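Next comes query-v8.csv, with CSV, C-alpha atoms and all ligand atoms.
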chain,number,residue,atom,x,y,z
A,1,MET,CA,105.4,102.1,85.7
A,2,LEU,CA,109.0,102.9,86.5
A,3,VAL,CA,110.2,99.4,86.9
A,4,PRO,CA,109.6,96.7,84.3
A,5,SER,CA,107.1,94.2,85.7
A,6,SER,CA,109.2,91.3,84.8
A,7,ILE,CA,111.4,92.0,87.7
A,8,ALA,CA,108.6,92.7,90.1
A,9,ALA,CA,109.5,91.0,93.3
A,10,GLN,CA,106.8,88.7,94.6
A,11,VAL,CA,106.2,89.6,98.2
A,12,VAL,CA,107.1,86.7,100.4
A,13,ALA,CA,107.4,86.7,104.1
A,14,GLU,CA,110.9,85.2,103.9
A,15,ASP,CA,112.1,88.4,102.4
A,16,PHE,CA,111.6,90.2,105.7
A,17,PHE,CA,112.8,90.1,109.2
A,18,ALA,CA,111.2,91.6,112.2
A,19,THR,CA,112.5,93.6,115.1
A,20,GLY,CA,111.1,94.7,118.5
A,21,GLN,CA,107.6,93.6,119.3
A,22,THR,CA,106.6,92.8,115.8
A,23,THR,CA,104.3,89.8,115.2
A,24,ARG,CA,103.1,88.3,112.0
A,25,THR,CA,99.3,88.6,111.6
A,26,GLY,CA,98.7,87.3,108.1
A,27,GLU,CA,100.3,86.2,104.8
A,28,ASN,CA,102.0,89.6,104.2
A,29,CYS,CA,100.8,91.4,107.3
A,30,TYR,CA,102.5,92.4,110.5
A,31,GLN,CA,101.6,94.1,113.8
A,32,LEU,CA,104.5,96.4,114.7
A,33,THR,CA,103.2,97.7,118.1
A,34,TYR,CA,100.7,96.8,120.7
A,35,ASP,CA,98.2,99.3,121.8
A,36,ASP,CA,100.3,99.7,124.9
A,37,TYR,CA,102.8,102.1,126.4
A,38,TRP,CA,106.3,102.3,124.9
A,39,SER,CA,105.8,99.6,122.4
A,40,SER,CA,108.0,99.4,119.3
A,41,GLY,CA,108.7,97.3,116.3
A,42,GLY,CA,109.9,97.2,112.7
A,43,ILE,CA,109.9,95.0,109.6
A,44,TRP,CA,112.9,95.1,107.4
A,45,HIS,CA,113.7,93.8,104.0
A,46,GLN,CA,116.5,91.1,104.0
A,47,GLU,CA,118.1,92.4,100.9
A,48,PRO,CA,119.6,95.8,100.3
A,49,ILE,CA,118.4,97.9,97.4
A,50,ASP,CA,120.4,100.0,95.0
A,51,LEU,CA,119.2,103.6,95.0
A,52,SER,CA,120.8,104.3,91.6
A,53,GLU,CA,117.8,102.3,90.3
A,54,SER,CA,114.1,103.1,90.6
A,55,PHE,CA,111.7,101.3,92.8
A,56,GLU,CA,108.0,101.3,93.6
A,57,MET,CA,106.2,99.9,96.7
A,58,GLU,CA,102.7,99.6,97.8
A,59,LEU,CA,101.8,99.0,101.4
A,60,LYS,CA,98.8,99.3,103.5
A,61,LEU,CA,99.1,100.7,107.0
A,62,MET,CA,96.6,100.5,109.9
A,63,MET,CA,97.6,103.4,112.2
A,64,GLY,CA,95.3,102.5,115.1
A,65,CYS,CA,91.8,102.9,116.2
A,66,LYS,CA,92.1,105.9,118.5
A,67,ASP,CA,92.2,109.4,117.0
A,68,ALA,CA,92.3,111.7,120.0
A,69,GLY,CA,94.6,109.7,122.3
A,70,GLY,CA,96.5,107.7,119.6
A,71,ALA,CA,100.3,107.8,119.0
A,72,ASP,CA,103.0,107.9,117.8
A,73,GLY,CA,103.2,106.8,114.1
A,74,MET,CA,105.3,105.0,111.6
A,75,VAL,CA,108.3,105.7,109.4
A,76,PHE,CA,109.5,104.2,106.2
A,77,VAL,CA,113.3,104.1,106.7
A,78,PHE,CA,116.2,103.8,104.4
A,79,THR,CA,119.7,103.3,105.9
A,80,PRO,CA,122.9,101.5,105.2
A,81,PHE,CA,122.6,99.6,108.5
A,82,ARG,CA,120.7,96.3,108.4
A,83,GLY,CA,117.8,96.4,110.8
A,84,GLY,CA,118.8,99.7,112.3
A,85,GLY,CA,116.3,101.0,114.8
A,86,GLY,CA,116.0,104.4,116.4
A,87,TYR,CA,114.4,105.8,119.5
A,88,GLN,CA,110.8,105.0,120.5
A,89,GLY,CA,107.9,107.3,121.3
A,90,GLU,CA,108.0,110.5,119.4
A,91,GLY,CA,111.1,109.1,117.5
A,92,MET,CA,108.9,106.4,116.0
A,93,GLY,CA,111.9,104.0,115.7
A,94,PHE,CA,113.7,106.4,113.4
A,95,ALA,CA,115.1,109.2,115.7
A,96,GLY,CA,118.9,109.0,116.0
A,97,LEU,CA,119.5,106.8,113.0
A,98,GLN,CA,122.3,108.3,110.8
A,99,PRO,CA,122.7,108.4,107.9
A,100,SER,CA,119.2,107.7,107.0
A,101,LEU,CA,116.2,108.9,105.0
A,102,GLY,CA,112.7,108.6,106.5
A,103,ILE,CA,109.2,109.2,105.4
A,104,GLU,CA,107.1,109.6,108.6
A,105,VAL,CA,103.4,109.1,109.1
A,106,ASP,CA,103.0,110.9,112.4
A,107,THR,CA,99.8,110.8,114.4
A,108,TRP,CA,100.7,112.7,117.5
A,109,GLU,CA,101.5,116.3,117.9
A,110,ASN,CA,104.7,117.0,119.7
A,111,GLU,CA,104.8,120.7,119.9
A,112,HIS,CA,108.5,120.9,120.6
A,113,LEU,CA,109.3,119.1,117.3
A,114,GLY,CA,107.1,121.5,115.3
A,115,ASP,CA,104.4,118.9,114.6
A,116,PRO,CA,101.1,120.2,113.3
A,117,PRO,CA,98.0,119.2,115.3
A,118,GLN,CA,96.7,117.0,112.5
A,119,ASP,CA,98.1,113.6,111.4
A,120,HIS,CA,100.9,114.5,109.0
A,121,VAL,CA,103.6,113.2,106.8
A,122,ALA,CA,107.1,114.5,106.2
A,123,ILE,CA,110.4,113.5,104.6
A,124,LEU,CA,113.2,113.5,107.1
A,125,ARG,CA,116.9,112.8,107.1
A,126,ASP,CA,119.5,111.4,109.5
A,127,GLY,CA,117.1,110.5,112.3
A,128,TYR,CA,116.0,114.1,112.9
A,129,VAL,CA,112.3,114.1,113.7
A,130,MET,CA,112.2,117.8,114.4
A,131,HIS,CA,110.5,119.5,111.4
A,132,TYR,CA,113.0,122.3,111.4
A,133,TYR,CA,115.4,119.8,109.8
A,134,ASN,CA,112.9,118.4,107.3
A,135,LEU,CA,113.7,117.7,103.7
A,136,GLU,CA,110.1,118.3,103.0
A,137,GLY,CA,106.9,118.8,105.0
A,138,PRO,CA,105.2,118.5,107.3
A,139,VAL,CA,102.0,118.0,105.3
A,140,PRO,CA,98.8,117.5,107.2
A,141,ILE,CA,96.7,114.5,106.1
A,142,PRO,CA,93.2,113.4,107.0
A,143,ASN,CA,92.9,111.4,110.2
A,144,VAL,CA,94.4,107.9,109.5
A,145,GLU,CA,93.7,106.5,113.0
A,146,ASP,CA,90.4,105.1,112.0
A,147,CYS,CA,91.0,101.4,112.4
A,148,LYS,CA,91.2,101.0,108.6
A,149,LEU,CA,94.0,100.0,106.2
A,150,HIS,CA,95.3,103.0,104.2
A,151,LEU,CA,97.2,102.5,100.9
A,152,PHE,CA,100.6,104.1,100.9
A,153,GLU,CA,102.6,104.1,97.6
A,154,ILE,CA,106.3,105.1,97.7
A,155,SER,CA,108.2,105.5,94.5
A,156,TRP,CA,111.8,106.5,93.7
A,157,ASN,CA,112.5,107.6,90.2
A,158,ALA,CA,116.3,107.3,90.1
A,159,GLU,CA,116.7,109.3,86.9
A,160,ALA,CA,114.6,112.2,88.0
A,161,GLN,CA,115.9,111.7,91.6
A,162,LYS,CA,112.4,112.1,92.8
A,163,LEU,CA,110.9,110.4,95.8
A,164,THR,CA,107.1,110.5,96.0
A,165,LEU,CA,104.5,109.4,98.5
A,166,ARG,CA,100.9,108.8,97.6
A,167,LEU,CA,98.2,108.2,100.2
A,168,ASP,CA,95.0,106.6,99.2
A,169,GLU,CA,95.8,107.3,95.6
A,170,ALA,CA,96.6,111.0,96.0
A,171,GLU,CA,100.1,112.4,95.8
A,172,ILE,CA,100.8,113.9,99.2
A,173,ILE,CA,104.5,114.8,99.3
A,174,SER,CA,107.6,114.5,97.2
A,175,TYR,CA,111.3,115.3,97.4
A,176,THR,CA,113.7,115.8,94.6
A,177,GLY,CA,117.4,115.6,95.3
A,178,ASP,CA,120.6,113.6,95.0
A,179,ILE,CA,119.8,111.4,97.9
A,180,VAL,CA,122.7,109.0,97.3
A,181,THR,CA,125.3,111.8,97.4
A,182,GLU,CA,123.8,114.1,99.8
A,183,ILE,CA,122.6,111.7,102.5
A,184,PHE,CA,124.4,108.4,101.9
A,185,TYR,CA,127.9,109.6,101.1
A,186,ASP,CA,127.8,108.2,97.6
A,187,ASN,CA,126.9,104.7,98.7
A,188,PRO,CA,123.7,103.7,96.8
A,189,GLU,CA,123.3,100.4,98.8
A,190,VAL,CA,120.7,100.7,101.5
A,191,TYR,CA,118.4,98.6,103.5
A,192,TRP,CA,114.8,99.6,104.0
A,193,GLY,CA,112.2,98.9,106.6
A,194,VAL,CA,109.1,100.3,108.3
A,195,THR,CA,109.2,101.1,112.0
A,196,ALA,CA,106.5,102.1,114.5
A,197,ALA,CA,106.4,103.1,118.1
A,198,THR,CA,104.1,104.3,120.9
A,199,GLY,CA,105.0,106.2,124.0
A,200,LYS,CA,102.9,107.7,126.7
A,201,PHE,CA,100.0,107.6,124.3
A,202,THR,CA,99.3,104.5,122.3
A,203,ASN,CA,97.8,102.8,119.3
A,204,ARG,CA,98.1,99.5,117.5
A,205,HIS,CA,100.2,99.8,114.3
A,206,GLU,CA,99.9,97.3,111.5
A,207,ILE,CA,101.3,96.9,108.0
A,208,CYS,CA,100.5,94.8,105.0
A,209,PHE,CA,102.8,94.5,101.9
A,210,GLU,CA,100.9,94.7,98.6
A,211,ARG,CA,103.4,95.1,95.8
A,212,LEU,CA,107.2,95.7,95.7
A,213,GLU,CA,109.2,96.4,92.6
A,214,PHE,CA,112.9,97.0,92.7
A,215,ALA,CA,115.1,97.4,89.7
A,216,GLY,CA,118.2,97.2,91.8
A,217,LEU,CA,117.8,94.3,94.3
A,218,ILE,CA,121.3,93.6,95.1
A,219,ARG,CA,121.9,90.2,96.8
A,220,LYS,CA,119.3,88.3,95.0
A,221,SER,CA,121.4,88.3,91.9
A,222,LEU,CA,123.5,85.1,91.7
A,223,PHE,CA,125.0,83.0,88.9
A,224,THR,CA,123.6,79.5,88.5
A,225,ARG,CA,125.6,76.9,90.4
A,226,VAL,CA,127.2,75.6,87.2
A,227,LEU,CA,128.3,79.0,86.0
A,228,GLN,CA,129.5,79.9,89.5
A,229,SER,CA,131.5,76.8,89.7
A,230,LYS,CA,133.2,77.4,86.3
A,231,LEU,CA,134.1,80.9,87.3
A,232,LEU,CA,135.5,79.8,90.7
A,233,HIS,CA,137.6,77.2,88.9
A,234,GLY,CA,139.2,79.9,86.7
A,235,GLU,CA,137.3,79.1,83.5
A,236,PRO,CA,136.8,82.2,81.3
A,237,LEU,CA,133.1,82.8,80.8
A,238,THR,CA,131.2,84.8,78.2
A,239,LEU,CA,128.5,86.8,79.9
A,240,ASP,CA,125.9,86.7,77.1
A,241,LYS,CA,123.4,88.8,78.9
A,242,ILE,CA,125.6,91.8,78.7
A,243,THR,CA,124.6,93.9,75.7
A,244,PHE,CA,125.4,97.4,74.6
A,245,SER,CA,123.0,99.7,72.7
A,246,GLU,CA,124.3,102.1,70.2
A,247,LYS,CA,121.3,104.3,70.7
A,248,GLU,CA,121.0,104.4,74.5
A,249,ALA,CA,123.6,105.7,76.9
A,250,GLY,CA,124.2,103.8,80.1
A,251,LEU,CA,123.9,100.1,80.8
A,252,SER,CA,120.7,98.1,80.1
A,253,ARG,CA,118.7,96.5,82.9
A,254,THR,CA,119.8,92.9,81.9
A,255,THR,CA,123.4,94.1,81.8
A,256,ARG,CA,123.2,95.5,85.3
A,257,GLU,CA,121.5,92.4,86.6
A,258,GLU,CA,124.4,90.3,85.2
A,259,LEU,CA,126.9,92.7,86.8
A,260,TYR,CA,125.2,92.4,90.2
A,261,LYS,CA,125.9,88.7,90.0
A,262,LEU,CA,129.6,89.4,89.4
A,263,VAL,CA,129.6,92.0,92.2
A,264,ASN,CA,128.1,89.4,94.6
A,265,LEU,CA,130.5,86.7,93.6
A,266,LEU,CA,133.5,89.0,94.0
A,267,LYS,CA,132.2,90.1,97.4
A,268,ARG,CA,131.8,86.6,98.6
A,269,ASN,CA,135.3,85.7,97.3
A,270,PRO,CA,137.5,88.6,98.4
A,271,ASP,CA,140.8,86.9,97.4
A,272,LEU,CA,139.7,86.8,93.7
A,273,ARG,CA,140.3,89.4,91.0
A,274,VAL,CA,138.6,89.6,87.7
A,275,THR,CA,139.6,90.4,84.2
A,276,ILE,CA,136.8,91.7,81.9
A,277,ASP,CA,137.4,91.7,78.2
A,278,ALA,CA,135.1,93.4,75.7
A,279,HIS,CA,135.4,92.4,72.1
A,280,SER,CA,133.9,94.6,69.4
A,281,PHE,CA,133.4,94.0,65.7
A,282,GLN,CA,130.7,96.3,64.5
A,283,GLN,CA,132.7,99.4,63.7
A,284,ALA,CA,134.2,100.2,60.3
A,285,THR,CA,137.8,100.0,61.3
A,286,THR,CA,140.0,98.1,63.7
A,287,ASP,CA,140.9,101.4,65.5
A,288,ALA,CA,137.2,102.2,65.9
A,289,ASN,CA,136.5,98.7,67.3
A,290,GLY,CA,139.4,99.1,69.7
A,291,GLN,CA,138.0,102.4,70.9
A,292,ARG,CA,134.4,101.0,71.2
A,293,SER,CA,135.5,98.0,73.2
A,294,ARG,CA,137.5,100.2,75.6
A,295,GLU,CA,134.5,102.5,76.2
A,296,GLN,CA,132.3,99.5,76.8
A,297,VAL,CA,134.6,97.8,79.3
A,298,ALA,CA,135.2,101.0,81.1
A,299,GLN,CA,131.5,101.3,81.8
A,300,LEU,CA,131.4,97.7,83.2
A,301,ALA,CA,134.4,98.3,85.4
A,302,ALA,CA,133.0,101.5,86.7
A,303,PHE,CA,129.8,99.7,87.7
A,304,LEU,CA,131.7,97.1,89.7
A,305,ILE,CA,133.8,99.7,91.5
A,306,LYS,CA,130.8,101.9,92.3
A,307,HIS,CA,129.3,98.8,93.9
A,308,GLY,CA,132.1,98.3,96.3
A,309,ILE,CA,134.7,96.2,94.4
A,310,GLU,CA,138.2,97.6,94.9
A,311,GLU,CA,139.7,99.1,91.8
A,312,LYS,CA,142.8,96.9,92.0
A,313,ARG,CA,140.7,93.8,91.7
A,314,VAL,CA,139.3,94.8,88.3
A,315,LEU,CA,141.3,94.5,85.2
A,316,ALA,CA,139.3,95.9,82.3
A,317,ARG,CA,140.6,95.3,78.7
A,318,GLY,CA,139.2,96.5,75.4
A,319,MET,CA,140.2,93.8,72.9
A,320,GLY,CA,138.7,95.4,69.8
A,321,ASP,CA,138.4,92.9,66.9
A,322,ARG,CA,141.5,90.9,67.4
A,323,PHE,CA,139.9,87.7,68.7
A,324,PRO,CA,136.9,86.4,66.8
A,325,VAL,CA,135.2,83.3,68.2
A,326,LYS,CA,135.5,80.0,66.4
A,327,GLU,CA,133.0,79.2,63.7
A,328,GLY,CA,129.6,78.6,65.3
A,329,GLU,CA,130.6,79.5,68.8
A,330,GLY,CA,128.4,82.5,69.2
A,331,SER,CA,128.7,86.2,68.6
A,332,ASN,CA,132.0,87.9,68.1
A,333,ASP,CA,130.8,90.9,70.0
A,334,ARG,CA,131.0,89.7,73.6
A,335,VAL,CA,132.2,90.3,77.1
A,336,GLU,CA,134.3,87.6,78.8
A,337,VAL,CA,135.2,87.5,82.4
A,338,HIS,CA,137.8,85.4,84.2
A,339,LEU,CA,138.4,85.2,87.9
A,340,TYR,CA,141.8,84.5,89.2
A,341,GLN,CA,143.7,84.4,92.5
A,342,ALA,CA,145.7,87.5,93.3
A,343,ARG,CA,149.4,86.7,93.8
A,344,THR,CA,150.5,88.0,97.2
B,401,CA,CA,104.7,113.3,116.6
B,402,CA,CA,94.6,111.3,114.0
Spit out the file's structure as structure tokens when you get a sec.
Amino acid sequence: MLVPSSIAAQVVAEDFFATGQTTRTGENCYQLTYDDYWSSGGIWHQEPIDLSESFEMELKLMMGCKDAGGADGMVFVFTPFRGGGGYQGEGMGFAGLQPSLGIEVDTWENEHLGDPPQDHVAILRDGYVMHYYNLEGPVPIPNVEDCKLHLFEISWNAEAQKLTLRLDEAEIISYTGDIVTEIFYDNPEVYWGVTAATGKFTNRHEICFERLEFAGLIRKSLFTRVLQSKLLHGEPLTLDKITFSEKEAGLSRTTREELYKLVNLLKRNPDLRVTIDAHSFQQATTDANGQRSREQVAQLAAFLIKHGIEEKRVLARGMGDRFPVKEGEGSNDRVEVHLYQART
């Protein structure tokens, strides 16, 4: 498992919003199109995800009950635009959406797009459904327009930069690449959804969400009301979930979760700036403690900036071992943050 199960998101309907002709058909199930001409719909996750973190999702798709005359298919879409939707018909609600990454499940052969005659999957970019512009594919799959739910598993391993699609428990297609840089212009924050469409040929398209696990679920991370109130009133706060490991490079999951809270608070209060102070006491000398605290705080500041907080709003200070806490008031090694109003 890529993502620790403790942060597995419980799938709840409130986490999604529907577009087009989508209707809810069950607890976690939606019909995206009618078996009718030029029908289209989509279901989108309310919260953006962070592609610098791994995710896994399991969904079941019902691609229709007509094999010979059934069309057009569905696309798993990732894009910075909330609820973005592309062209219908052969575009499957994805065509024209830029920047974007899509995994298509295409059930209709459009010869001019380079579609194979069989149902097929492909990994697409920037709303191009023509296979000449594929990142990967097209890969033919067994007929999926059989009135049955099929299990689709999509996983993104952020470290290996590998996106994988499994269909009915067999790996079908994968793409390895720096998606954040190459497709999303260094912005790791994207929305995701599933779109479907029909055209001159038709099928009913349905989806059920089974399991979703995101390590980087951005806007769900909020401080408790009490902590938020303290911060907004200018009280310094020790973020005791921020920890640094001597052994591992990079920030721990709990540290990142804590920083997401700070990112959200800063985004919601654009007039405020933040000081982040790291205090270090574990090294042999005062110089080494100073050095260590500066390295630590630089990592924290870089995280905030990467997630859209302007550099000038972040004052990061390595305090070394100059300021121990009072007896009995917690660990000397700590990270303190303080929000303040910028003077204009
Ligand atoms: Ca097609
Ligand atoms: Ca088929």
Next on the checklist: I want to know what sits within 9 Å of stretch 133-144 of chain A, based on all atoms listed in the file, with residues of the same chain fewer than 2 positions away left out; could you give that as a ChimeraX atom specification?
Outcome noted: /A:61-65,67,107,114-125,128-131,146-150,167,172-175
What are the nearest atom pairs, with distances in Å to one decimal, for all residues of chain A that come at most 7 Å from ligand CA 401 (chain B), using only C-alpha atoms and all ligand atoms, set out by chain and rising residue number as JSON lines?
{"residue": "A:Asp72", "atom": "CA", "partner": "B:CA401", "partner_atom": "CA", "distance": 5.8}
{"residue": "A:Glu90", "atom": "CA", "partner": "B:CA401", "partner_atom": "CA", "distance": 5.2}
{"residue": "A:Asp106", "atom": "CA", "partner": "B:CA401", "partner_atom": "CA", "distance": 5.1}
{"residue": "A:Thr107", "atom": "CA", "partner": "B:CA401", "partner_atom": "CA", "distance": 5.9}
{"residue": "A:Trp108", "atom": "CA", "partner": "B:CA401", "partner_atom": "CA", "distance": 4.1}
{"residue": "A:Glu109", "atom": "CA", "partner": "B:CA401", "partner_atom": "CA", "distance": 4.6}
{"residue": "A:Asn110", "atom": "CA", "partner": "B:CA401", "partner_atom": "CA", "distance": 4.8}
{"residue": "A:Asp115", "atom": "CA", "partner": "B:CA401", "partner_atom": "CA", "distance": 6.0}
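Nearest residue to ligand CA 402 (chain B) among A:Leu101, A:Leu59, A:Leu51, A:Glu145 is A:Glu145, counting all atoms listed in the file.
The shortest atom-to-atom distance to A:Glu213, with all atoms listed in the file taken into account, belongs to A:Ile154 out of A:Ala342, A:Ile179, A:Leu232, A:Ile154.
You can rank A:Thr286, A:Thr255, A:Ser155, A:Gln98 by their closest distance to A:Glu56 using all atoms listed in the file, and at the top of that list sits A:Ser155.
Between atom CA of A:Ser40 and atom CA of A:Arg82 lies a distance of 17.0 Å.
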From the block I gave, I'd like stretch 124-195 of chain A written with C-alpha atoms, as a PDB file, in the first residue's frame.
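For reference, decode-v2.pdb as written:
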ATOM      1  CA  LEU A 124      -3.699  11.377 -22.526  1.00  0.00           C
ATOM      2  CA  ARG A 125      -2.620  14.938 -21.894  1.00  0.00           C
ATOM      3  CA  ASP A 126      -4.030  18.414 -22.335  1.00  0.00           C
ATOM      4  CA  GLY A 127      -7.374  17.346 -23.687  1.00  0.00           C
ATOM      5  CA  TYR A 128      -5.980  15.648 -26.799  1.00  0.00           C
ATOM      6  CA  VAL A 129      -7.984  12.494 -27.483  1.00  0.00           C
ATOM      7  CA  MET A 130      -6.092  11.748 -30.673  1.00  0.00           C
ATOM      8  CA  HIS A 131      -3.750   8.867 -30.000  1.00  0.00           C
ATOM      9  CA  TYR A 132      -0.889  10.440 -31.897  1.00  0.00           C
ATOM     10  CA  TYR A 133      -0.474  12.724 -28.849  1.00  0.00           C
ATOM     11  CA  ASN A 134      -0.729   9.921 -26.276  1.00  0.00           C
ATOM     12  CA  LEU A 135       1.497   9.722 -23.293  1.00  0.00           C
ATOM     13  CA  GLU A 136       0.839   5.990 -23.343  1.00  0.00           C
ATOM     14  CA  GLY A 137      -1.425   3.604 -25.256  1.00  0.00           C
ATOM     15  CA  PRO A 138      -3.862   2.906 -26.728  1.00  0.00           C
ATOM     16  CA  VAL A 139      -4.057  -0.543 -25.143  1.00  0.00           C
ATOM     17  CA  PRO A 140      -6.982  -2.753 -26.230  1.00  0.00           C
ATOM     18  CA  ILE A 141      -8.996  -4.304 -23.379  1.00  0.00           C
ATOM     19  CA  PRO A 142     -11.707  -6.985 -23.320  1.00  0.00           C
ATOM     20  CA  ASN A 143     -15.217  -5.715 -24.037  1.00  0.00           C
ATOM     21  CA  VAL A 144     -16.408  -3.685 -21.026  1.00  0.00           C
ATOM     22  CA  GLU A 145     -19.864  -2.780 -22.371  1.00  0.00           C
ATOM     23  CA  ASP A 146     -21.401  -5.857 -20.806  1.00  0.00           C
ATOM     24  CA  CYS A 147     -23.815  -4.274 -18.313  1.00  0.00           C
ATOM     25  CA  LYS A 148     -21.450  -5.200 -15.449  1.00  0.00           C
ATOM     26  CA  LEU A 149     -19.408  -3.167 -13.013  1.00  0.00           C
ATOM     27  CA  HIS A 150     -15.684  -3.430 -13.674  1.00  0.00           C
ATOM     28  CA  LEU A 151     -13.049  -2.632 -11.079  1.00  0.00           C
ATOM     29  CA  PHE A 152     -10.614   0.138 -12.028  1.00  0.00           C
ATOM     30  CA  GLU A 153      -7.698   0.925  -9.728  1.00  0.00           C
ATOM     31  CA  ILE A 154      -5.610   4.006 -10.305  1.00  0.00           C
ATOM     32  CA  SER A 155      -2.478   4.640  -8.325  1.00  0.00           C
ATOM     33  CA  TRP A 156       0.105   7.402  -8.383  1.00  0.00           C
ATOM     34  CA  ASN A 157       3.437   6.693  -6.768  1.00  0.00           C
ATOM     35  CA  ALA A 158       4.835  10.188  -6.277  1.00  0.00           C
ATOM     36  CA  GLU A 159       8.346   9.014  -5.490  1.00  0.00           C
ATOM     37  CA  ALA A 160       8.648   6.786  -8.554  1.00  0.00           C
ATOM     38  CA  GLN A 161       6.514   9.256 -10.569  1.00  0.00           C
ATOM     39  CA  LYS A 162       4.515   6.347 -11.850  1.00  0.00           C
ATOM     40  CA  LEU A 163       0.825   6.365 -12.717  1.00  0.00           C
ATOM     41  CA  THR A 164      -0.755   2.933 -13.033  1.00  0.00           C
ATOM     42  CA  LEU A 165      -4.168   1.677 -14.104  1.00  0.00           C
ATOM     43  CA  ARG A 166      -5.410  -1.773 -13.218  1.00  0.00           C
ATOM     44  CA  LEU A 167      -8.589  -3.239 -14.677  1.00  0.00           C
ATOM     45  CA  ASP A 168     -10.271  -6.161 -12.969  1.00  0.00           C
ATOM     46  CA  GLU A 169      -7.064  -6.744 -10.987  1.00  0.00           C
ATOM     47  CA  ALA A 170      -4.677  -6.850 -13.940  1.00  0.00           C
ATOM     48  CA  GLU A 171      -2.217  -4.058 -14.686  1.00  0.00           C
ATOM     49  CA  ILE A 172      -3.213  -2.610 -18.047  1.00  0.00           C
ATOM     50  CA  ILE A 173      -1.248   0.558 -18.583  1.00  0.00           C
ATOM     51  CA  SER A 174       1.192   2.829 -16.768  1.00  0.00           C
ATOM     52  CA  TYR A 175       3.078   6.037 -17.371  1.00  0.00           C
ATOM     53  CA  THR A 176       6.245   7.198 -15.678  1.00  0.00           C
ATOM     54  CA  GLY A 177       7.121  10.862 -15.847  1.00  0.00           C
ATOM     55  CA  ASP A 178       7.361  14.149 -14.004  1.00  0.00           C
ATOM     56  CA  ILE A 179       3.685  14.968 -14.449  1.00  0.00           C
ATOM     57  CA  VAL A 180       3.758  17.983 -12.130  1.00  0.00           C
ATOM     58  CA  THR A 181       6.519  19.721 -14.065  1.00  0.00           C
ATOM     59  CA  GLU A 182       5.800  18.551 -17.571  1.00  0.00           C
ATOM     60  CA  ILE A 183       2.026  18.900 -17.588  1.00  0.00           C
ATOM     61  CA  PHE A 184       0.988  21.157 -14.731  1.00  0.00           C
ATOM     62  CA  TYR A 185       3.744  23.812 -14.908  1.00  0.00           C
ATOM     63  CA  ASP A 186       5.103  22.917 -11.454  1.00  0.00           C
ATOM     64  CA  ASN A 187       1.737  23.294  -9.745  1.00  0.00           C
ATOM     65  CA  PRO A 188       1.083  20.047  -7.838  1.00  0.00           C
ATOM     66  CA  GLU A 189      -2.447  21.066  -6.813  1.00  0.00           C
ATOM     67  CA  VAL A 190      -5.092  19.509  -9.064  1.00  0.00           C
ATOM     68  CA  TYR A 191      -8.733  18.557  -8.980  1.00  0.00           C
ATOM     69  CA  TRP A 192      -9.815  15.175 -10.225  1.00  0.00           C
ATOM     70  CA  GLY A 193     -13.025  13.835 -11.587  1.00  0.00           C
ATOM     71  CA  VAL A 194     -14.530  11.279 -13.911  1.00  0.00           C
ATOM     72  CA  THR A 195     -16.361  12.353 -17.046  1.00  0.00           C
TER      73      THR A 195
END
